[in-house]
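K.L.:
Pasting protein.txt below, which is compact mmCIF, C-alpha atoms.
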# COMPACT_ATOMS: atom_id res chain seq x y z
CA MET A 13 -10.77 -22.31 1.85
CA ASP A 14 -8.10 -19.75 1.07
CA LYS A 15 -5.60 -22.54 1.23
CA GLN A 16 -7.40 -24.53 -1.45
CA LYS A 17 -7.21 -21.55 -3.75
CA GLY A 18 -3.50 -21.22 -3.20
CA TYR A 19 -3.61 -18.08 -1.10
CA TRP A 20 -1.32 -17.83 1.86
CA ASN A 21 -2.49 -17.34 5.40
CA PRO A 22 -2.43 -13.52 5.89
CA ILE A 23 -0.10 -13.68 8.89
CA VAL A 24 2.33 -15.93 7.01
CA ALA A 25 2.13 -13.65 3.95
CA GLY A 26 2.83 -10.65 6.19
CA VAL A 27 5.88 -12.26 7.78
CA VAL A 28 7.27 -13.21 4.35
CA LEU A 29 6.58 -9.66 3.12
CA GLY A 30 8.34 -8.28 6.20
CA ILE A 31 11.42 -10.40 5.52
CA ALA A 32 11.47 -9.18 1.90
CA LEU A 33 11.07 -5.60 3.11
CA TRP A 34 14.02 -6.04 5.48
CA GLY A 35 16.05 -7.51 2.64
CA SER A 36 15.25 -4.48 0.53
CA PHE A 37 16.40 -2.10 3.27
CA MET A 38 19.57 -4.13 3.86
CA ILE A 39 20.56 -4.03 0.22
CA ALA A 40 19.14 -0.87 -1.34
CA GLY A 41 18.56 1.20 1.80
CA GLN A 42 14.92 1.64 0.83
CA GLY A 43 11.80 -0.48 0.91
CA MET A 44 8.82 -1.12 -1.30
CA GLY A 45 7.36 1.67 -3.41
CA ALA A 46 4.50 2.01 -5.85
CA SER A 47 2.88 5.43 -6.21
CA GLY A 48 6.17 7.18 -7.05
CA ALA A 49 6.52 5.03 -10.16
CA PHE A 50 3.09 6.08 -11.43
CA ALA A 51 3.90 9.73 -10.71
CA ARG A 52 7.12 9.40 -12.71
CA ALA A 53 5.41 7.56 -15.56
CA THR A 54 2.81 10.32 -15.77
CA ALA A 55 5.52 13.00 -15.75
CA GLN A 56 7.48 11.21 -18.47
CA LEU A 57 4.41 10.79 -20.70
CA THR A 58 3.45 14.43 -20.27
CA TYR A 59 7.02 15.49 -21.05
CA LEU A 60 7.08 13.43 -24.28
CA TYR A 61 3.91 15.20 -25.35
CA ASP A 62 5.04 18.66 -24.26
CA SER A 63 8.71 19.37 -23.49
CA ALA A 64 7.82 22.62 -21.71
CA PHE A 65 6.54 20.36 -18.92
CA ALA A 66 10.19 19.93 -17.84
CA THR A 67 9.83 23.17 -15.87
CA ASN A 68 6.68 22.08 -14.02
CA ALA A 69 6.96 23.09 -10.37
CA TYR A 70 6.41 19.55 -9.07
CA ALA A 71 7.68 17.28 -11.83
CA SER A 72 10.86 19.18 -12.70
CA GLY A 73 12.69 17.18 -10.03
CA TYR A 74 11.73 13.96 -11.82
CA LEU A 75 12.84 15.28 -15.18
CA LYS A 76 16.09 17.01 -14.37
CA HIS A 77 18.13 14.10 -15.74
CA GLY A 78 15.89 13.91 -18.79
CA ASP A 79 14.39 10.56 -17.96
CA ALA A 80 11.94 10.25 -15.08
CA LEU A 81 11.81 6.48 -15.51
CA ALA A 82 15.49 5.85 -14.72
CA ASN A 83 14.66 5.31 -11.09
CA TRP A 84 14.88 2.49 -8.56
CA THR A 85 11.19 2.51 -7.62
CA VAL A 86 10.08 2.50 -11.27
CA ILE A 87 12.14 -0.62 -11.97
CA GLN A 88 10.91 -2.20 -8.78
CA VAL A 89 7.26 -1.59 -9.80
CA LEU A 90 7.95 -3.32 -13.13
CA GLY A 91 9.04 -6.22 -10.94
CA ILE A 92 5.75 -6.04 -9.00
CA PHE A 93 3.77 -6.37 -12.26
CA LEU A 94 5.91 -9.36 -13.29
CA GLY A 95 5.89 -11.01 -9.87
CA GLY A 96 2.11 -10.64 -9.57
CA TYR A 97 1.68 -12.15 -13.02
CA ILE A 98 4.00 -15.09 -12.29
CA SER A 99 2.30 -15.89 -9.00
CA ALA A 100 -1.18 -15.75 -10.53
CA ALA A 101 -0.09 -17.76 -13.57
CA PHE A 102 1.28 -20.58 -11.40
CA ALA A 103 -1.93 -20.56 -9.35
CA GLY A 104 -4.14 -20.47 -12.46
CA ARG A 105 -5.60 -17.11 -11.48
CA ILE A 106 -5.00 -15.05 -14.63
CA LYS A 107 -8.53 -14.13 -15.56
CA GLN A 108 -10.21 -11.05 -16.95
CA SER A 109 -12.76 -9.75 -14.52
CA ILE A 110 -14.23 -6.67 -12.89
CA ASP A 111 -14.49 -7.52 -9.23
CA ARG A 112 -17.36 -6.01 -7.24
CA GLY A 113 -20.26 -6.81 -4.96
CA GLU A 114 -23.22 -8.93 -6.01
CA ASP A 115 -25.42 -7.30 -8.67
CA TYR A 116 -23.37 -4.08 -8.74
CA PRO A 117 -23.43 -2.42 -12.19
CA VAL A 118 -20.14 -2.69 -14.10
CA PHE A 119 -20.26 0.92 -15.25
CA MET A 120 -20.58 2.24 -11.72
CA ARG A 121 -17.80 -0.06 -10.52
CA LEU A 122 -15.43 1.32 -13.16
CA PHE A 123 -16.53 4.88 -12.45
CA TRP A 124 -15.62 4.54 -8.78
CA ALA A 125 -12.36 2.78 -9.62
CA PHE A 126 -11.43 5.73 -11.83
CA MET A 127 -12.48 8.40 -9.33
CA GLY A 128 -10.73 6.55 -6.51
CA GLY A 129 -7.58 6.46 -8.62
CA ILE A 130 -7.66 10.24 -9.06
CA ILE A 131 -8.17 10.80 -5.34
CA ILE A 132 -5.46 8.32 -4.36
CA ALA A 133 -2.94 9.93 -6.73
CA ILE A 134 -3.43 13.31 -5.06
CA ALA A 135 -3.34 11.64 -1.63
CA THR A 136 0.02 9.99 -2.36
CA ARG A 137 1.61 13.27 -3.46
CA LEU A 138 0.51 14.98 -0.24
CA ALA A 139 1.57 12.00 1.88
CA ARG A 140 4.79 11.30 -0.06
CA GLY A 141 3.81 7.72 -0.66
CA CYS A 142 1.09 5.11 -0.39
CA THR A 143 0.43 1.90 1.51
CA SER A 144 3.84 0.66 0.39
CA GLY A 145 6.31 3.54 0.37
CA GLN A 146 4.72 5.44 3.24
CA ALA A 147 2.82 3.05 5.53
CA LEU A 148 4.89 -0.16 5.31
CA ASP A 149 8.36 1.32 4.78
CA GLY A 150 7.82 4.19 7.19
CA ALA A 151 6.35 2.09 10.01
CA ALA A 152 9.09 -0.54 9.60
CA THR A 153 11.67 2.22 10.06
CA PHE A 154 9.79 3.83 12.97
CA SER A 155 8.67 6.99 11.17
CA VAL A 156 5.97 8.85 13.07
CA GLY A 157 4.56 10.10 9.77
CA ALA A 158 3.77 6.57 8.64
CA TRP A 159 1.44 6.06 11.60
CA ILE A 160 -0.17 9.49 11.08
CA PHE A 161 -0.86 8.48 7.48
CA MET A 162 -2.01 4.95 8.29
CA LEU A 163 -4.40 5.91 11.08
CA ALA A 164 -5.88 8.74 8.97
CA ALA A 165 -6.31 6.38 6.01
CA PHE A 166 -7.94 3.57 8.00
CA GLY A 167 -10.17 6.02 9.87
CA SER A 168 -11.27 7.66 6.66
CA GLY A 169 -11.87 4.28 4.98
CA PHE A 170 -14.07 3.14 7.86
CA PHE A 171 -16.04 6.39 7.74
CA PHE A 172 -16.60 6.51 3.99
CA SER A 173 -17.33 2.76 3.75
CA MET A 174 -20.98 3.53 4.49
CA PHE A 175 -21.30 5.18 1.07
CA PHE A 176 -20.02 2.14 -0.84
CA LYS A 177 -21.94 -0.68 0.80
CA LYS A 178 -23.62 -1.78 -2.43
CA GLN A 179 -20.40 -1.86 -4.39
CA TRP A 180 -18.94 -4.34 -1.89
CA LYS A 181 -22.16 -6.20 -1.01
CA ASN A 182 -21.39 -9.71 0.27
CA VAL A 183 -17.80 -9.40 -0.89
CA ASN A 184 -15.48 -11.10 1.50
CA MET B 17 32.69 -5.76 9.12
CA GLU B 18 30.97 -2.81 10.73
CA ASN B 19 27.98 -1.35 8.96
CA LEU B 20 28.32 -3.17 5.68
CA TYR B 21 24.61 -2.67 5.11
CA PRO B 22 22.74 -1.16 3.30
CA LEU B 23 24.98 -2.51 0.55
CA TYR B 24 24.10 0.20 -1.94
CA THR B 25 24.51 3.28 0.26
CA THR B 26 27.74 2.01 1.83
CA GLY B 27 29.16 1.62 -1.66
CA ALA B 28 29.48 -2.17 -1.47
CA MET B 29 27.16 -2.46 -4.46
CA SER B 30 27.09 -0.46 -7.70
CA GLY B 31 24.17 1.53 -9.06
CA ASN B 32 23.59 -0.94 -11.88
CA GLU B 33 23.58 -3.86 -9.49
CA ASN B 34 21.07 -1.95 -7.38
CA TYR B 35 18.80 -1.48 -10.43
CA LEU B 36 18.95 -5.20 -11.15
CA TYR B 37 18.18 -5.84 -7.52
CA ALA B 38 15.16 -3.47 -7.77
CA LEU B 39 13.68 -5.72 -10.44
CA VAL B 40 14.29 -8.85 -8.36
CA ILE B 41 12.86 -7.46 -5.12
CA GLY B 42 9.89 -6.02 -7.07
CA LEU B 43 9.23 -9.49 -8.44
CA VAL B 44 9.31 -10.88 -4.91
CA PHE B 45 6.95 -8.15 -3.63
CA GLY B 46 4.52 -8.73 -6.51
CA PHE B 47 4.56 -12.49 -5.96
CA ILE B 48 3.88 -12.09 -2.23
CA LEU B 49 1.09 -9.54 -2.75
CA GLU B 50 -0.64 -11.88 -5.20
CA ARG B 51 -0.26 -14.87 -2.86
CA ALA B 52 -1.63 -12.76 0.00
CA GLY B 53 -4.80 -12.37 -2.09
CA PHE B 54 -4.32 -8.72 -3.09
CA GLY B 55 -4.76 -9.35 -6.81
CA THR B 56 -8.46 -8.62 -6.42
CA SER B 57 -10.25 -5.62 -4.94
CA ASN B 58 -12.73 -8.09 -3.40
CA HIS B 59 -10.01 -9.03 -0.93
CA ILE B 60 -9.12 -5.42 -0.10
CA ALA B 61 -12.34 -3.43 0.35
CA PRO B 62 -13.90 -5.78 2.98
CA VAL B 63 -11.35 -4.62 5.56
CA PHE B 64 -13.24 -1.32 5.78
CA TYR B 65 -16.39 -3.23 6.75
CA PHE B 66 -14.51 -5.43 9.25
CA ARG B 67 -15.64 -8.47 7.28
CA ASN B 68 -12.17 -9.74 6.45
CA LEU B 69 -9.00 -8.53 8.12
CA ARG B 70 -6.56 -9.77 5.47
CA VAL B 71 -5.28 -6.23 4.70
CA SER B 72 -4.56 -5.21 8.28
CA GLN B 73 -3.18 -8.65 9.19
CA VAL B 74 -0.68 -8.62 6.34
CA MET B 75 0.30 -5.00 7.03
CA VAL B 76 0.80 -5.38 10.77
CA SER B 77 2.73 -8.65 10.53
CA ALA B 78 4.93 -7.26 7.73
CA ILE B 79 5.68 -4.09 9.71
CA LEU B 80 6.49 -5.97 12.93
CA THR B 81 8.67 -8.52 11.12
CA ALA B 82 10.65 -5.91 9.17
CA ALA B 83 10.98 -3.59 12.18
CA THR B 84 12.28 -6.44 14.36
CA LEU B 85 14.80 -7.60 11.74
CA ILE B 86 15.99 -4.02 11.14
CA THR B 87 16.43 -3.47 14.88
CA GLY B 88 18.28 -6.79 15.18
CA SER B 89 20.61 -5.82 12.34
CA VAL B 90 21.34 -2.50 14.04
CA TYR B 91 21.96 -4.32 17.33
CA MET B 92 24.45 -6.63 15.62
CA GLY B 93 26.21 -3.58 14.22
CA ILE B 94 25.85 -4.56 10.57
CA LEU B 95 23.24 -2.00 9.52
CA ASP B 96 23.65 1.77 9.56
CA PHE B 97 20.14 2.95 10.41
CA ASN B 98 20.96 6.54 9.43
CA GLN B 99 21.46 5.49 5.83
CA LEU B 100 17.96 4.07 5.45
CA PHE B 101 15.59 6.16 3.39
CA ILE B 102 12.78 7.34 5.65
CA PRO B 103 10.24 9.78 4.21
CA THR B 104 10.26 13.25 5.76
CA THR B 105 7.22 13.78 7.96
CA TYR B 106 4.90 16.64 7.00
CA VAL B 107 2.24 16.44 9.72
CA TRP B 108 -0.82 18.14 8.21
CA PRO B 109 -0.23 17.10 4.61
CA TYR B 110 0.04 13.51 5.90
CA VAL B 111 -3.26 13.83 7.75
CA ALA B 112 -4.93 15.23 4.63
CA GLY B 113 -3.22 12.67 2.39
CA GLY B 114 -4.28 9.82 4.70
CA LEU B 115 -7.91 10.97 4.81
CA LEU B 116 -8.04 11.21 1.00
CA PHE B 117 -6.26 7.89 0.66
CA GLY B 118 -8.79 6.04 2.82
CA LEU B 119 -11.66 7.52 0.81
CA GLY B 120 -9.97 6.58 -2.46
CA MET B 121 -9.25 3.07 -1.24
CA VAL B 122 -12.80 2.18 -0.15
CA MET B 123 -14.13 3.87 -3.31
CA SER B 124 -11.84 2.00 -5.70
CA GLY B 125 -10.88 -1.14 -3.78
CA TRP B 126 -7.26 -0.59 -4.71
CA CYS B 127 -4.04 1.09 -3.73
CA PRO B 128 -1.20 1.64 -6.22
CA GLY B 129 0.86 -1.48 -5.37
CA THR B 130 -2.02 -3.93 -5.28
CA ALA B 131 -3.51 -2.43 -8.46
CA ALA B 132 -0.24 -3.24 -10.25
CA VAL B 133 -0.77 -6.88 -9.25
CA GLY B 134 -4.48 -6.74 -10.16
CA PHE B 135 -3.68 -5.24 -13.55
CA ALA B 136 -1.10 -7.95 -14.24
CA THR B 137 -3.63 -10.67 -13.44
CA GLY B 138 -6.41 -9.33 -15.67
CA LYS B 139 -8.53 -7.12 -13.42
CA LEU B 140 -10.10 -4.41 -15.57
CA ASP B 141 -11.08 -2.40 -12.51
CA ALA B 142 -7.36 -2.23 -11.63
CA ALA B 143 -6.54 -0.95 -15.13
CA VAL B 144 -9.20 1.75 -14.85
CA PHE B 145 -7.96 2.63 -11.35
CA LEU B 146 -4.40 3.07 -12.64
CA ALA B 147 -5.67 5.27 -15.47
CA GLY B 148 -7.37 7.36 -12.78
CA VAL B 149 -4.10 7.49 -10.83
CA MET B 150 -2.29 8.92 -13.84
CA VAL B 151 -5.03 11.51 -14.39
CA GLY B 152 -4.82 12.39 -10.68
CA MET B 153 -1.05 12.80 -10.93
CA SER B 154 -1.53 15.18 -13.88
CA ILE B 155 -4.04 17.22 -11.93
CA TYR B 156 -1.61 17.44 -9.00
CA PHE B 157 1.31 18.49 -11.21
CA ASP B 158 -0.89 21.05 -12.90
CA GLN B 159 -2.29 22.55 -9.72
CA PHE B 160 0.81 22.13 -7.56
CA ASP B 161 1.67 25.81 -7.31
CA LYS B 162 -1.72 26.45 -5.68
CA ILE B 163 -1.21 23.94 -2.88
CA ALA B 164 2.58 23.91 -2.60
CA ASP B 165 2.52 25.98 0.59
CA PHE B 166 0.23 23.51 2.30
CA ALA B 167 1.96 20.43 0.84
CA ASN B 168 5.30 21.58 2.24
CA SER B 169 3.98 22.82 5.58
CA SER B 170 4.59 21.35 9.07
CA ASN B 171 7.80 19.63 7.99
CA ILE B 172 9.37 17.98 11.02
CA GLY B 173 12.05 16.15 9.05
CA ARG B 174 13.12 12.52 9.39
CA TYR B 175 11.10 11.98 12.53
CA THR B 176 11.23 8.60 14.23
CA ILE B 177 9.27 7.44 17.28
CA ASP B 178 12.26 7.73 19.63
CA LYS B 179 12.56 11.43 18.73
CA LEU B 180 8.95 11.93 19.75
CA VAL B 181 8.99 10.04 23.05
CA GLY B 182 12.69 9.85 23.90
CA GLY B 183 14.80 6.71 24.14
CA ASP B 184 16.47 4.83 21.30
CA ILE B 185 15.67 2.40 18.49
CA TYR B 186 14.61 -0.25 21.01
CA THR B 187 12.03 2.14 22.45
CA SER B 188 10.77 2.68 18.90
CA LEU B 189 10.49 -1.07 18.34
CA ILE B 190 8.53 -1.61 21.54
CA ILE B 191 6.11 1.21 20.70
CA THR B 192 5.74 -0.10 17.14
CA ILE B 193 4.85 -3.54 18.53
CA LEU B 194 2.30 -1.91 20.86
CA LEU B 195 0.79 0.10 17.99
CA GLY B 196 0.61 -3.01 15.80
CA ALA B 197 -0.96 -5.04 18.61
CA GLY B 198 -3.41 -2.21 19.33
CA LEU B 199 -4.49 -2.02 15.70
CA SER B 200 -4.91 -5.82 15.54
CA ILE B 201 -6.96 -5.93 18.72
CA PHE B 202 -9.17 -3.06 17.52
CA MET B 203 -9.75 -4.76 14.17
CA ASN B 204 -10.59 -8.09 15.80
CA ILE B 205 -13.04 -6.52 18.23
CA MET B 206 -14.75 -4.66 15.39
CA LYS B 207 -14.89 -7.83 13.34
CA SER B 208 -16.50 -9.85 16.11
CA ILE B 209 -19.10 -7.10 16.58
CA ASN B 210 -19.70 -7.07 12.83
CA ASP B 211 -19.98 -10.86 12.63
CA LYS B 212 -22.80 -10.77 15.15
CA LYS B 213 -24.52 -7.92 13.34
CA GLY B 214 -24.27 -9.94 10.15
CA VAL B 215 -26.50 -12.62 11.61
CA TYR B 216 -29.08 -10.47 13.30
CA ASN B 217 -29.42 -7.41 11.09
CA GLU B 218 -29.00 -8.52 7.55
CA GLY B 219 -29.74 -12.20 7.62
CA PHE B 220 -26.33 -13.03 6.29
CA ILE B 221 -23.34 -14.57 7.92
CA CYS B 222 -20.09 -14.24 6.03
CA SER B 223 -17.38 -16.19 7.73
CA SER B 224 -13.88 -14.87 7.24
CA ARG B 225 -12.94 -18.36 6.10
CA LEU B 226 -15.15 -18.00 3.05
CA SER B 227 -13.51 -16.54 0.03
CA ILE B 228 -14.94 -14.33 -2.66
CA ASP B 229 -16.46 -17.00 -4.84
CA ASP B 230 -18.47 -18.50 -2.03
CA LYS B 231 -21.86 -17.09 -1.35
CA CYS B 232 -22.51 -15.93 2.13
CA TYR B 233 -24.91 -18.17 3.98
CA ASN B 234 -28.39 -16.81 4.37
CA THR B 235 -29.07 -17.86 7.89
CA SER B 236 -32.81 -17.26 7.55
CA VAL B 237 -32.93 -16.10 11.12
CA SER B 238 -32.99 -12.41 10.33
CA ILE B 239 -35.32 -10.38 12.43
CA ILE B 240 -38.11 -9.33 10.05
Have the structure of the file written as structure tokens, please.
P.N.:
Amino acid sequence: MDKQKGYWNPIVAGVVLGIALWGSFMIAGQGMGASGAFARATAQLTYLYDSAFATNAYASGYLKHGDALANWTVIQVLGIFLGGYISAAFAGRIKQSIDRGEDYPVFMRLFWAFMGGIIIAIATRLARGCTSGQALDGAATFSVGAWIFMLAAFGSGFFFSMFFKKQWKNVN
Amino acid sequence: MENLYPLYTTGAMSGNENYLYALVIGLVFGFILERAGFGTSNHIAPVFYFRNLRVSQVMVSAILTAATLITGSVYMGILDFNQLFIPTTYVWPYVAGGLLFGLGMVMSGWCPGTAAVGFATGKLDAAVFLAGVMVGMSIYFDQFDKIADFANSSNIGRYTIDKLVGGDIYTSLIITILLGAGLSIFMNIMKSINDKKGVYNEGFICSSRLSIDDKCYNTSVSII
């Protein structure tokens, strides 16, 4: 059924992603990233609003050259937005929706999406990356930390899944 | 040509070329993530219920493919492994970060990379998630001085598997393959247990071959 909808077999998609990841390491010396770009975008926006933010203990490193967005990962994430759009456009999948389990209230779905975003942002700063920049890149380059992060994240997801059963009811 | 790669760090490619390349590789990543089905949270969250293993299957096969190709490139003497960017390992902050990340992922159905794809394809829950991410970043920046000691604790540096267990990059590759296989086997066992439970406990059977728009079959054989 996935095939009819134009999705790739997960194993095939993973192998293709792995080849792209290798290509990224071969050329740039680094792999895929995502959370760092959102951290930098937040820092840049805050700085535009309040220039005193340039001395912030965490974000000062981003802003020392004056522009937090002049960064490889930021440009690469712009590519992710574009690539995702192009793929979905070709497959006829550009569609406004709020995906959730059967009968789950929209407001609650958006509330949890927002809260989850806050929690994930803090998580990525502690873990120096997310599923991309920490788990995938790190594990592909044999970093022990990547497996520490991945096993903790999966374990925690399995544990807390019991509290979100309704949100994902019959979603597959 | 010894150690020509990575092209950027060995100086074979300029900074501007590397920025252009970042856009191209990002495009490729985004395209693949969307084709893998990660443009919707409905394809991500079910992994935590062992209903659909798409997330772990893509992750494990991507890791094993990239790790094998990287090792092969080192073996051929064209890639300088020491020039690859590997995040520094901070043991306890990574444990804490991982635990929070898993909670955030099952709560929101997204992670930052997939949400970028979801946002680009019209998912409002991805847009709201990314707004939450930016608020979370602000909170972290604001409160950083209070947790900086913890965040920077237990730093063991650029720590690869062969440093932990001895051996070389080939040892690391073998252990990575074992870890990937172990995770896959665990996920498949849990899924087969869950598939059975689906029939007997809830009256529903949701085959992994069904996609989000298909209703799960009500088997009508549920016990009471």
K.L.:
Restricting the calculation to all atoms listed in the file: of B:Ser208, B:Thr187, B:Asn58, B:Thr87, which residue gets closest to chain A?
P.N.:
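Of the candidates, the smallest distance to chain A is held by B:Asn58.
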K.L.:
Expressed in Å to a single decimal, how great is the separation between atom CA of A:Trp34 and atom CA of B:Ile94?
P.N.:
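The value is 13.0 Å.
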K.L.:
Which stretch 44-103 of chain B residues have any atom within 9 Å of an atom of stretch 36-41 of chain A, and for each, what is the nearest pair of atoms with distance in Å to one decimal, counting only C-alpha atoms, rows sorted by chain and number, as CSV?
P.N.:
residue,atom,partner,partner_atom,distance
B:Ile86,CA,A:Phe37,CA,8.1
B:Ser89,CA,A:Met38,CA,8.7
B:Leu95,CA,A:Met38,CA,7.1
B:Phe97,CA,A:Gly41,CA,8.9
B:Gln99,CA,A:Gly41,CA,6.6
B:Leu100,CA,A:Gly41,CA,4.7
B:Phe101,CA,A:Gly41,CA,6.0
K.L.:
Hey, can you check how far atom CA of A:Lys177 sits from atom CA of A:Gly113?
P.N.:
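We find that atom CA of A:Lys177 and atom CA of A:Gly113 lie 8.6 Å from each other.
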K.L.:
Quick one: everything within 7 Å of A:Ala158, counting only C-alpha atoms, minus sequence neighbours fewer than 6 positions away in the same chain. Send it as a list in words.
P.N.:
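The neighbour list is Gln146, Ala147, Gly150 and Ala151 of chain A.
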K.L.:
Using only C-alpha atoms, which residue out of B:Cys127, B:Ile102, B:Val44, B:Ile163 lies closest to B:Ala143?
P.N.:
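When distances to B:Ala143 are compared using only C-alpha atoms, the smallest one comes from B:Cys127.
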K.L.:
Which residue, B:Thr130, B:Thr137, B:Ser200, B:Asn168, has the smallest gap to chain A when you use all atoms listed in the file?
P.N.:
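Closest to chain A, using all atoms listed in the file: B:Thr137.
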K.L.:
If I take atom CA of B:Lys179 and atom CA of B:Thr26, how far is one from the other in Å, to one decimal?
P.N.:
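Atom-to-atom, atom CA of B:Lys179 to atom CA of B:Thr26, that is 24.6 Å.
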K.L.:
Write out as a PyMOL selection string which residues come within 10 Å of A:Gly128 when counting all atoms listed in the file, dropping same-chain ones fewer than 2 positions away.
P.N.:
(chain A and resi 122-126+130-133) or (chain B and resi 116-127+144-146+148-149+152)
K.L.:
Using all atoms listed in the file, which protein or nucleic acid residues come within 12 Å of A:Ala101? Drop anything in the same chain fewer than 4 positions from it, and give the result as a list in words.
P.N.:
Gly18, Leu94, Gly95, Gly96, Tyr97, Arg105, Ile106 and Lys107 of chain A; Phe47, Glu50, Arg51, Gly55, Val133, Ala136, Thr137 and Gly138 of chain B
K.L.:
For chain B, which residue among A:Gly167, A:Pro117, A:Gly48, A:Gly91 is the nearest when counting all atoms listed in the file?
P.N.:
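Distance minimum relative to chain B lands on A:Gly91.
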K.L.:
Since fewer atoms than expected are present, regenerate N, CA and C atoms for stretch 120-136 of chain A and write them as a compact mmCIF listing (two decimals), in the coordinates of the input.
P.N.:
# COMPACT_ATOMS: atom_id res chain seq x y z
N MET A 120 -20.79 1.52 -12.97
CA MET A 120 -20.58 2.24 -11.72
C MET A 120 -19.30 1.78 -11.04
N ARG A 121 -19.04 0.48 -11.12
CA ARG A 121 -17.80 -0.06 -10.52
C ARG A 121 -16.58 0.60 -11.14
N LEU A 122 -16.58 0.72 -12.48
CA LEU A 122 -15.43 1.32 -13.16
C LEU A 122 -15.34 2.82 -12.89
N PHE A 123 -16.52 3.45 -12.78
CA PHE A 123 -16.53 4.88 -12.45
C PHE A 123 -15.85 5.13 -11.10
N TRP A 124 -16.22 4.34 -10.10
CA TRP A 124 -15.62 4.54 -8.78
C TRP A 124 -14.14 4.16 -8.76
N ALA A 125 -13.78 3.15 -9.54
CA ALA A 125 -12.36 2.78 -9.62
C ALA A 125 -11.55 3.95 -10.17
N PHE A 126 -12.12 4.60 -11.20
CA PHE A 126 -11.43 5.73 -11.83
C PHE A 126 -11.33 6.92 -10.87
N MET A 127 -12.46 7.26 -10.26
CA MET A 127 -12.48 8.40 -9.33
C MET A 127 -11.55 8.14 -8.14
N GLY A 128 -11.60 6.91 -7.63
CA GLY A 128 -10.73 6.55 -6.51
C GLY A 128 -9.26 6.68 -6.89
N GLY A 129 -8.95 6.33 -8.14
CA GLY A 129 -7.58 6.46 -8.62
C GLY A 129 -7.12 7.91 -8.60
N ILE A 130 -8.00 8.81 -9.06
CA ILE A 130 -7.66 10.24 -9.06
C ILE A 130 -7.39 10.72 -7.64
N ILE A 131 -8.30 10.35 -6.73
CA ILE A 131 -8.17 10.80 -5.34
C ILE A 131 -6.90 10.24 -4.71
N ILE A 132 -6.64 8.95 -4.96
CA ILE A 132 -5.46 8.32 -4.36
C ILE A 132 -4.16 8.94 -4.89
N ALA A 133 -4.15 9.30 -6.17
CA ALA A 133 -2.94 9.93 -6.73
C ALA A 133 -2.62 11.21 -5.97
N ILE A 134 -3.63 12.04 -5.77
CA ILE A 134 -3.43 13.31 -5.06
C ILE A 134 -3.01 13.03 -3.61
N ALA A 135 -3.67 12.02 -3.01
CA ALA A 135 -3.34 11.64 -1.63
C ALA A 135 -1.87 11.24 -1.50
N THR A 136 -1.37 10.47 -2.47
CA THR A 136 0.02 9.99 -2.36
C THR A 136 1.02 11.12 -2.54
